[in-house]
Structure formats: C-alpha cells, structure tokens
$ cat my_file19.txt   # compact mmCIF, C-alpha atoms and all ligand atoms
# COMPACT_ATOMS: atom_id res chain seq x y z
CA MET A 1 11.87 2.33 12.31
CA ILE A 2 12.17 -0.74 10.06
CA GLN A 3 15.59 -1.42 8.58
CA PHE A 4 16.80 -4.28 6.38
CA GLU A 5 20.54 -4.62 5.80
CA GLN A 6 21.69 -7.23 3.24
CA VAL A 7 18.76 -9.45 4.22
CA SER A 8 18.32 -12.82 2.52
CA LYS A 9 15.76 -15.53 3.14
CA VAL A 10 16.07 -19.08 1.88
CA TYR A 11 13.26 -21.43 2.95
CA SER A 12 14.16 -24.87 4.27
CA GLY A 13 13.27 -26.49 0.93
CA GLY A 14 15.95 -24.32 -0.73
CA GLN A 15 13.49 -21.75 -2.17
CA LYS A 16 15.24 -18.36 -2.32
CA ALA A 17 12.63 -15.73 -1.38
CA LEU A 18 14.76 -12.62 -0.64
CA LEU A 19 18.28 -11.72 -1.74
CA ASN A 20 20.43 -8.99 -0.13
CA VAL A 21 17.50 -6.67 0.51
CA ASN A 22 18.28 -3.17 1.88
CA PHE A 23 15.80 -0.49 2.84
CA HIS A 24 14.95 1.80 5.71
CA LEU A 25 11.40 2.86 6.49
CA GLN A 26 11.55 5.95 8.67
CA LYS A 27 9.40 6.44 11.77
CA GLY A 28 6.10 7.96 10.64
CA GLU A 29 6.62 7.04 6.98
CA MET A 30 3.97 5.35 4.79
CA ALA A 31 5.12 3.23 1.84
CA PHE A 32 3.93 0.59 -0.60
CA LEU A 33 5.66 -2.73 -1.19
CA THR A 34 4.99 -4.17 -4.62
CA GLY A 35 6.21 -6.86 -7.00
CA HIS A 36 4.85 -9.80 -8.99
CA SER A 37 3.38 -12.88 -7.37
CA GLY A 38 6.18 -14.78 -5.62
CA ALA A 39 8.53 -11.75 -5.56
CA GLY A 40 8.88 -12.01 -1.78
CA LYS A 41 6.43 -9.43 -0.39
CA SER A 42 4.78 -11.70 2.18
CA THR A 43 8.17 -13.10 3.17
CA LEU A 44 9.47 -9.58 3.83
CA LEU A 45 6.46 -8.86 6.08
CA LYS A 46 6.92 -12.20 7.85
CA LEU A 47 10.53 -11.27 8.68
CA ILE A 48 9.31 -8.05 10.33
CA THR A 49 6.71 -9.89 12.40
CA VAL A 50 9.19 -12.71 13.17
CA ILE A 51 6.89 -15.34 11.68
CA GLU A 52 10.04 -16.24 9.71
CA ARG A 53 13.69 -15.48 10.49
CA ALA A 54 16.26 -14.12 8.00
CA THR A 55 18.86 -16.56 6.71
CA ALA A 56 21.43 -13.75 6.38
CA GLY A 57 21.64 -10.02 7.07
CA LYS A 58 20.07 -7.86 9.74
CA VAL A 59 16.45 -6.81 10.35
CA SER A 60 16.05 -4.01 12.92
CA ILE A 61 12.88 -2.61 14.41
CA ASN A 62 13.29 0.68 16.21
CA GLY A 63 17.04 0.14 16.31
CA HIS A 64 16.78 -3.38 17.81
CA ASP A 65 18.29 -6.30 15.90
CA ILE A 66 15.40 -8.78 15.94
CA ALA A 67 17.75 -11.76 15.58
CA LYS A 68 18.57 -11.04 19.22
CA VAL A 69 14.91 -11.24 20.28
CA GLY A 70 14.38 -14.63 21.93
CA VAL A 71 11.27 -16.75 21.31
CA LYS A 72 9.80 -15.69 24.67
CA HIS A 73 10.03 -12.00 23.78
CA VAL A 74 8.55 -12.25 20.28
CA PRO A 75 4.96 -11.60 21.54
CA TYR A 76 6.17 -8.32 23.13
CA LEU A 77 7.76 -7.26 19.85
CA ARG A 78 4.54 -8.11 17.99
CA ARG A 79 2.54 -5.77 20.23
CA ASN A 80 4.26 -2.94 18.37
CA ILE A 81 2.95 -4.18 15.04
CA GLY A 82 -0.63 -4.22 13.75
CA MET A 83 -1.03 -6.75 10.94
CA ILE A 84 -3.79 -6.68 8.31
CA PHE A 85 -4.42 -9.55 5.89
CA GLN A 86 -6.28 -9.80 2.59
CA ASN A 87 -8.72 -12.35 3.99
CA HIS A 88 -8.68 -10.54 7.36
CA HIS A 89 -8.42 -13.81 9.40
CA LEU A 90 -11.52 -12.98 11.47
CA LEU A 91 -13.10 -15.46 13.87
CA MET A 92 -16.34 -15.95 11.97
CA ASP A 93 -18.34 -17.33 14.92
CA LYS A 94 -17.38 -14.45 17.23
CA SER A 95 -18.90 -10.97 17.38
CA VAL A 96 -17.21 -7.91 15.91
CA PHE A 97 -16.54 -6.82 19.51
CA ASP A 98 -14.83 -10.12 20.40
CA ASN A 99 -12.72 -10.04 17.23
CA VAL A 100 -11.48 -6.50 17.82
CA ALA A 101 -11.00 -7.07 21.57
CA LEU A 102 -8.75 -10.11 21.06
CA PRO A 103 -5.33 -8.36 21.21
CA LEU A 104 -6.41 -6.49 24.36
CA VAL A 105 -7.69 -9.67 26.04
CA ILE A 106 -4.34 -11.32 25.29
CA GLU A 107 -2.55 -8.32 26.81
CA GLY A 108 -4.73 -8.54 29.95
CA PHE A 109 -6.55 -5.20 29.77
CA SER A 110 -9.52 -4.65 32.14
CA HIS A 111 -13.10 -5.08 30.82
CA GLY A 112 -13.77 -1.34 31.10
CA GLU A 113 -10.62 -0.42 29.19
CA ILE A 114 -11.38 -3.05 26.52
CA ARG A 115 -14.90 -1.66 26.00
CA LYS A 116 -13.56 1.87 25.67
CA ARG A 117 -10.77 0.98 23.26
CA VAL A 118 -12.88 -1.31 21.07
CA ALA A 119 -15.54 1.41 20.75
CA ALA A 120 -12.85 3.95 19.78
CA ALA A 121 -11.31 1.57 17.20
CA LEU A 122 -14.70 0.76 15.64
CA ASP A 123 -15.52 4.44 15.52
CA MET A 124 -12.26 5.11 13.69
CA VAL A 125 -13.05 2.58 10.96
CA GLY A 126 -16.69 3.66 10.64
CA LEU A 127 -18.26 0.61 12.30
CA TYR A 128 -19.51 2.14 15.54
CA GLY A 129 -22.71 0.38 16.64
CA LYS A 130 -21.86 -2.94 14.91
CA GLU A 131 -20.21 -4.51 17.97
CA ARG A 132 -22.79 -7.29 18.30
CA HIS A 133 -22.80 -8.29 14.63
CA ILE A 134 -20.96 -11.42 13.57
CA PRO A 135 -18.64 -11.01 10.56
CA ILE A 136 -20.93 -13.02 8.26
CA MET A 137 -23.56 -10.26 8.61
CA LEU A 138 -21.11 -7.70 7.19
CA SER A 139 -20.01 -6.84 3.65
CA GLY A 140 -16.46 -7.66 2.47
CA GLY A 141 -15.40 -4.04 2.97
CA GLU A 142 -16.87 -3.98 6.48
CA GLN A 143 -15.13 -7.26 7.34
CA GLN A 144 -11.85 -5.75 6.20
CA ARG A 145 -12.53 -2.77 8.49
CA VAL A 146 -13.05 -5.14 11.43
CA GLY A 147 -9.60 -6.60 10.67
CA ILE A 148 -8.18 -3.08 10.58
CA ALA A 149 -9.87 -2.14 13.88
CA ARG A 150 -8.34 -5.25 15.46
CA ALA A 151 -4.89 -4.29 14.11
CA ILE A 152 -5.00 -0.77 15.53
CA VAL A 153 -6.93 -1.35 18.79
CA ASN A 154 -3.77 -1.46 20.92
CA LYS A 155 -2.35 1.58 19.08
CA PRO A 156 0.77 -0.06 17.62
CA PRO A 157 3.46 2.28 16.20
CA ILE A 158 3.77 0.07 13.09
CA LEU A 159 1.01 -1.09 10.76
CA LEU A 160 1.70 -3.77 8.12
CA ALA A 161 -0.86 -4.80 5.51
CA ASP A 162 -0.63 -7.77 3.11
CA GLU A 163 -2.89 -7.16 0.08
CA PRO A 164 -5.48 -5.34 2.21
CA THR A 165 -7.60 -4.34 -0.79
CA GLY A 166 -7.30 -7.58 -2.77
CA ASN A 167 -11.00 -8.45 -2.61
CA LEU A 168 -12.42 -4.95 -2.77
CA ASP A 169 -13.66 -2.73 -5.60
CA PRO A 170 -11.69 0.46 -6.46
CA LYS A 171 -13.91 2.77 -4.38
CA LEU A 172 -13.69 0.58 -1.25
CA SER A 173 -9.95 0.09 -1.84
CA MET A 174 -9.44 3.84 -1.87
CA ASP A 175 -11.51 4.18 1.33
CA ILE A 176 -9.27 1.62 3.04
CA LEU A 177 -6.14 3.47 1.91
CA ARG A 178 -7.55 6.75 3.19
CA LEU A 179 -8.00 5.00 6.52
CA PHE A 180 -4.31 4.02 6.50
CA GLU A 181 -3.49 7.65 5.73
CA THR A 182 -5.43 8.72 8.82
CA PHE A 183 -3.34 6.39 11.01
CA ASN A 184 -0.17 7.58 9.28
CA ASP A 185 -1.16 11.22 9.90
CA ALA A 186 -1.38 10.31 13.58
CA GLY A 187 2.27 9.12 13.48
CA THR A 188 1.93 5.38 12.69
CA THR A 189 4.55 3.90 10.36
CA VAL A 190 2.66 2.07 7.58
CA LEU A 191 3.86 -0.51 5.02
CA ILE A 192 1.31 -1.87 2.53
CA ALA A 193 2.09 -4.84 0.26
CA THR A 194 -0.06 -4.75 -2.86
CA HIS A 195 -0.31 -5.82 -6.49
CA ASP A 196 -2.62 -2.92 -7.21
CA LEU A 197 -0.45 -0.60 -9.29
CA GLY A 198 -3.47 1.59 -10.14
CA LEU A 199 -4.01 2.30 -6.49
CA ILE A 200 -0.32 3.05 -5.91
CA ALA A 201 -0.29 5.46 -8.86
CA ARG A 202 -3.12 7.47 -7.31
CA MET A 203 -1.21 8.01 -4.05
CA LYS A 204 1.94 10.04 -3.42
CA TYR A 205 3.86 7.52 -1.36
CA ARG A 206 7.24 5.87 -1.80
CA THR A 207 7.12 2.44 -3.46
CA LEU A 208 9.51 -0.39 -2.64
CA THR A 209 9.59 -2.88 -5.52
CA LEU A 210 10.70 -6.51 -5.31
CA ARG A 211 11.60 -8.59 -8.34
CA GLN A 212 12.40 -12.25 -7.68
CA GLY A 213 13.53 -11.46 -4.17
CA THR A 214 15.69 -8.45 -5.06
CA MET A 215 14.72 -4.90 -4.09
CA LEU A 216 14.84 -2.68 -7.18
CA GLY A 217 16.55 0.65 -6.53
CA GLY A 218 17.29 -0.58 -3.01
CA GLU A 219 19.63 1.38 -0.82
CA PRO A 220 23.21 0.38 -0.14
CA SER A 221 23.77 -1.47 3.12
CA GLY A 222 23.58 0.82 6.15
CA ALA A 223 21.88 3.71 4.34
CA MET A 224 19.88 5.74 6.84
CA THR A 225 17.84 7.95 4.57
CA ALA A 226 14.35 7.24 3.24
CA GLY A 227 15.25 7.85 -0.42
CA GLY A 228 12.75 7.30 -3.23
CA VAL A 229 12.76 4.50 -5.74
N1 LIG A 301 6.87 -21.43 3.70
C1 LIG A 301 7.50 -21.45 2.53
N2 LIG A 301 8.28 -22.52 2.20
C2 LIG A 301 8.94 -22.56 1.02
N3 LIG A 301 8.89 -21.59 0.09
C3 LIG A 301 8.10 -20.51 0.36
C4 LIG A 301 7.37 -20.41 1.59
N4 LIG A 301 6.69 -19.22 1.56
C5 LIG A 301 6.97 -18.64 0.38
N5 LIG A 301 7.83 -19.41 -0.33
C6 LIG A 301 8.39 -19.09 -1.65
O1 LIG A 301 9.12 -17.87 -1.54
C7 LIG A 301 8.92 -17.05 -2.67
C8 LIG A 301 8.33 -15.71 -2.23
O2 LIG A 301 7.00 -15.93 -1.74
P1 LIG A 301 6.11 -14.79 -1.08
O3 LIG A 301 4.88 -15.43 -0.56
O4 LIG A 301 6.96 -14.02 -0.14
O5 LIG A 301 5.80 -13.90 -2.36
P2 LIG A 301 4.71 -12.74 -2.59
O6 LIG A 301 5.41 -11.65 -3.32
O7 LIG A 301 4.08 -12.39 -1.30
O8 LIG A 301 3.66 -13.48 -3.53
P3 LIG A 301 2.06 -13.25 -3.68
O9 LIG A 301 1.90 -11.87 -4.21
O10 LIG A 301 1.67 -14.31 -4.67
O11 LIG A 301 1.47 -13.44 -2.31
C9 LIG A 301 8.00 -17.83 -3.62
O12 LIG A 301 8.81 -18.50 -4.56
C10 LIG A 301 7.33 -18.84 -2.70
O13 LIG A 301 7.00 -20.02 -3.40

$ encode --input "my_file19.txt" --output "structure tokens" --more "lines below"
Ligand SMILES: Nc1ncnc2c1ncn2[C@@H]1O[C@H](COP(=O)(O)OP(=O)(O)OP(=O)(O)O)[C@@H](O)[C@H]1O
Amino acid sequence: MIQFEQVSKVYSGGQKALLNVNFHLQKGEMAFLTGHSGAGKSTLLKLITVIERATAGKVSINGHDIAKVGVKHVPYLRRNIGMIFQNHHLLMDKSVFDNVALPLVIEGFSHGEIRKRVAAALDMVGLYGKERHIPIMLSGGEQQRVGIARAIVNKPPILLADEPTGNLDPKLSMDILRLFETFNDAGTTVLIATHDLGLIARMKYRTLTLRQGTMLGGEPSGAMTAGGV
C-alpha cells in the first residue's frame, strides 16, 4: 500500500532528513513510526502526502509512483489519505460540524450526504450530538477526536497520524489508539508516528524506527513482505 525504495530527502538548505529508506506497509496493516526528535518521522509522512517530494528513490502508494503524480492530481491522491496532527489543526472559530465537513465540502458532496457522513464520523469517535459546539468548548481529547473524525469522514483507505497523542494523558492516548484499531479492523491502513515508547510497548504492532534519517532494520530495496523490525 505504501512502499519506500531507497528514499532520501535533502531539504533545500542541505539538511539531510532521510537516507536510503526502505519499507513496505501492506494494505490493511497498522504500524508505528518512531525515532528521536529530528529523526525524520514528519518528513517521511510529508513524502507520503506529497507535502514534500523525495530527493532520490521511489515512493509508491497503491503501486503508483507518486513522483509521476503531477501537481494538479495531488489533491486526488490526498483524498485517499486521512491525516491527523498533534495539534489537530482545527478551525477554532468554526463548529465541530463545519470542521468535520470540510473535506466533503471540498469534494463537492451534497448537503444531505454531508450531514449523514459527518453524523456517522462523529458517532464513530464518540462525539455524536456535539456538532454545534466550537472546538474551544471541548477538552483536548475531544478536540483530537474532532481531528480524527475529519480525517476519516471521506473513508480514506490510508490513515496517517503525526504524534496524535502528544498532548494527552495515558488513558486518553490509549483510547485514541483503540480508535485507530477500530479503523484498522475495518480495513484501513494506519501509520502512527510517535515518541511514546510506552504506548507502543502496550500494543502488538510492527514498529518502524528511524535514527538520523536511516530506517533501523529496514528492508532491502524492492522487498515486498511486511517483515518485523
Ligand atoms: N522544511 C525543512 N527545511 C529544512 N530542514 C527541515 C525541514 N523540515 C525538517 N527539517 C529537518 O529535517 C530533519 C528531520 O525533521 P523531521 O521534522 O522530519 O523530524 P521528526 O522525527 O518528525 O522530529 P520531531 O519528532 O521533533 O517532530 C531535522 O533535522 C529537521 O531540522
């Protein structure tokens, strides 16, 4: 589903963020991405969402080489990916409904369909009935759930999360991870970047580890199996 083959990223200032990274995340797999601050986790996620482009190597999503995706087609590629951020990037002056509806409005769904899908997404994250609240009226954990509802409202096959539990206590963090498990059980491919080694240790999932831009225990170029590290 997501494959990196000998991928390197050097930023324009010369900062080397990733070096010859190889891995393959299978369709329907859930995995953690970990590593110290500055190891390259966010950069790796940005290459998948085409916020940044690789300097060398090949990134493929569902078998498609994303270097071949032109600027005009990037929004279509992004529809396949739900992205969750630590600080959730919510519009603080808009209602929960408007925040979650945003991807559907951009895609041009009808009002009726938007209402139905937003209600279903809020139900899934345990926020049914809070449509008219504005984010400031919600707790940190609830705000994170709004960000998750927005990421899954158009049912993307891939879910990426960058430090999704960074501001939450251990109980709320576990609740959020259980939510990711629910989406994964329904077939969504999930990749979660996190510093939280305690949380990782309590779950049974594969862990991809970056150290200074290099993937530890990474697979040789072209490997097609999931493989543990
Ligand atoms: N836009 C950019 N321009 C130049 N260098 C960058 C840019 N973004 C990241 N870097 C550098 O690339 C390296 C990897 O950064 P990245 O944000 O991917 O790490 P990270 O593992 O996500 O770190 P953290 O856990 O602190 O968020 C770092 O040395 C960082 O300074």

$ closest_residue --input "my_file19.txt" --among "A:Asp162, A:Thr189, A:His88, A:Gly141" --to "A:Ile176" --atoms "all atoms listed in the file"
A:Gly141

$ closest_residue --input "my_file19.txt" --among "A:Asp98, A:Glu113, A:Asp185, A:Asp123" --to "A:Pro157" --atoms "all atoms listed in the file"
A:Asp185

$ residues_near_ligand --input "my_file19.txt" --ligand "ligand LIG 301 (chain A)" --cutoff "10 Å" --atoms "only C-alpha atoms and all ligand atoms" --output "PyMOL selection string"
chain A and resi 9-18+33-47+52+86+162-163+193-195+209-213

$ closest_residue --input "my_file19.txt" --among "A:Val59, A:Val146, A:Val125, A:Leu216" --to "A:Arg178" --atoms "all atoms listed in the file"
A:Val125

$ closest_residue --input "my_file19.txt" --among "A:Thr165, A:Asn154, A:Ser173, A:Ser110" --to "A:Ile81" --atoms "only C-alpha atoms"
A:Asn154

$ residues_around --input "my_file19.txt" --residues "A:Asp65" --least-positions-apart "5" --cutoff "12 Å" --atoms "only C-alpha atoms" --output "PyMOL selection string"
chain A and resi 1-5+47-48+50+53-54+57-60+70+77

$ build_atoms --input "my_file19.txt" --residues "stretch 80-108 of chain A" --atoms "N, CA and C atoms" --output "compact mmCIF listing (two decimals), keeping the file's coordinate frame"
# COMPACT_ATOMS: atom_id res chain seq x y z
N ASN A 80 3.96 -4.22 19.03
CA ASN A 80 4.26 -2.94 18.37
C ASN A 80 3.80 -2.94 16.92
N ILE A 81 3.26 -4.05 16.46
CA ILE A 81 2.95 -4.18 15.04
C ILE A 81 1.50 -4.62 14.86
N GLY A 82 0.72 -3.81 14.13
CA GLY A 82 -0.63 -4.22 13.75
C GLY A 82 -0.54 -4.85 12.38
N MET A 83 -1.15 -6.04 12.21
CA MET A 83 -1.03 -6.75 10.94
C MET A 83 -2.41 -6.92 10.31
N ILE A 84 -2.51 -6.58 9.03
CA ILE A 84 -3.79 -6.68 8.31
C ILE A 84 -3.60 -7.61 7.11
N PHE A 85 -4.54 -8.54 6.95
CA PHE A 85 -4.42 -9.55 5.89
C PHE A 85 -5.52 -9.37 4.86
N GLN A 86 -5.28 -9.89 3.66
CA GLN A 86 -6.28 -9.80 2.59
C GLN A 86 -7.59 -10.46 3.02
N ASN A 87 -7.49 -11.65 3.60
CA ASN A 87 -8.72 -12.35 3.99
C ASN A 87 -9.03 -12.14 5.47
N HIS A 88 -8.49 -11.10 6.01
CA HIS A 88 -8.68 -10.54 7.36
C HIS A 88 -8.61 -11.51 8.53
N HIS A 89 -8.61 -12.83 8.31
CA HIS A 89 -8.42 -13.81 9.40
C HIS A 89 -9.32 -13.52 10.60
N LEU A 90 -10.60 -13.22 10.35
CA LEU A 90 -11.52 -12.98 11.47
C LEU A 90 -12.04 -14.31 12.02
N LEU A 91 -12.42 -14.30 13.29
CA LEU A 91 -13.10 -15.46 13.87
C LEU A 91 -14.57 -15.31 13.49
N MET A 92 -15.03 -16.17 12.58
CA MET A 92 -16.34 -15.95 11.97
C MET A 92 -17.50 -16.26 12.91
N ASP A 93 -17.25 -17.02 13.99
CA ASP A 93 -18.34 -17.33 14.92
C ASP A 93 -18.33 -16.40 16.14
N LYS A 94 -17.46 -15.40 16.11
CA LYS A 94 -17.38 -14.45 17.23
C LYS A 94 -17.90 -13.09 16.77
N SER A 95 -18.37 -12.29 17.73
CA SER A 95 -18.90 -10.97 17.38
C SER A 95 -17.77 -10.05 16.93
N VAL A 96 -18.17 -8.95 16.30
CA VAL A 96 -17.21 -7.91 15.91
C VAL A 96 -16.45 -7.46 17.16
N PHE A 97 -17.19 -7.25 18.25
CA PHE A 97 -16.54 -6.82 19.51
C PHE A 97 -15.45 -7.81 19.91
N ASP A 98 -15.79 -9.11 19.95
CA ASP A 98 -14.83 -10.12 20.40
C ASP A 98 -13.61 -10.17 19.48
N ASN A 99 -13.84 -10.03 18.18
CA ASN A 99 -12.72 -10.04 17.23
C ASN A 99 -11.77 -8.89 17.49
N VAL A 100 -12.33 -7.69 17.66
CA VAL A 100 -11.48 -6.50 17.82
C VAL A 100 -10.81 -6.51 19.19
N ALA A 101 -11.53 -7.07 20.19
CA ALA A 101 -11.00 -7.07 21.57
C ALA A 101 -9.83 -8.03 21.75
N LEU A 102 -9.70 -9.00 20.86
CA LEU A 102 -8.75 -10.11 21.06
C LEU A 102 -7.34 -9.68 21.50
N PRO A 103 -6.69 -8.73 20.79
CA PRO A 103 -5.33 -8.36 21.21
C PRO A 103 -5.29 -7.78 22.63
N LEU A 104 -6.38 -7.11 23.02
CA LEU A 104 -6.41 -6.49 24.36
C LEU A 104 -6.63 -7.55 25.43
N VAL A 105 -7.46 -8.56 25.10
CA VAL A 105 -7.69 -9.67 26.04
C VAL A 105 -6.37 -10.39 26.27
N ILE A 106 -5.63 -10.63 25.18
CA ILE A 106 -4.34 -11.32 25.29
C ILE A 106 -3.38 -10.51 26.17
N GLU A 107 -3.44 -9.18 26.03
CA GLU A 107 -2.55 -8.32 26.81
C GLU A 107 -3.03 -8.11 28.25
N GLY A 108 -4.25 -8.60 28.56
CA GLY A 108 -4.73 -8.54 29.95
C GLY A 108 -5.34 -7.21 30.36
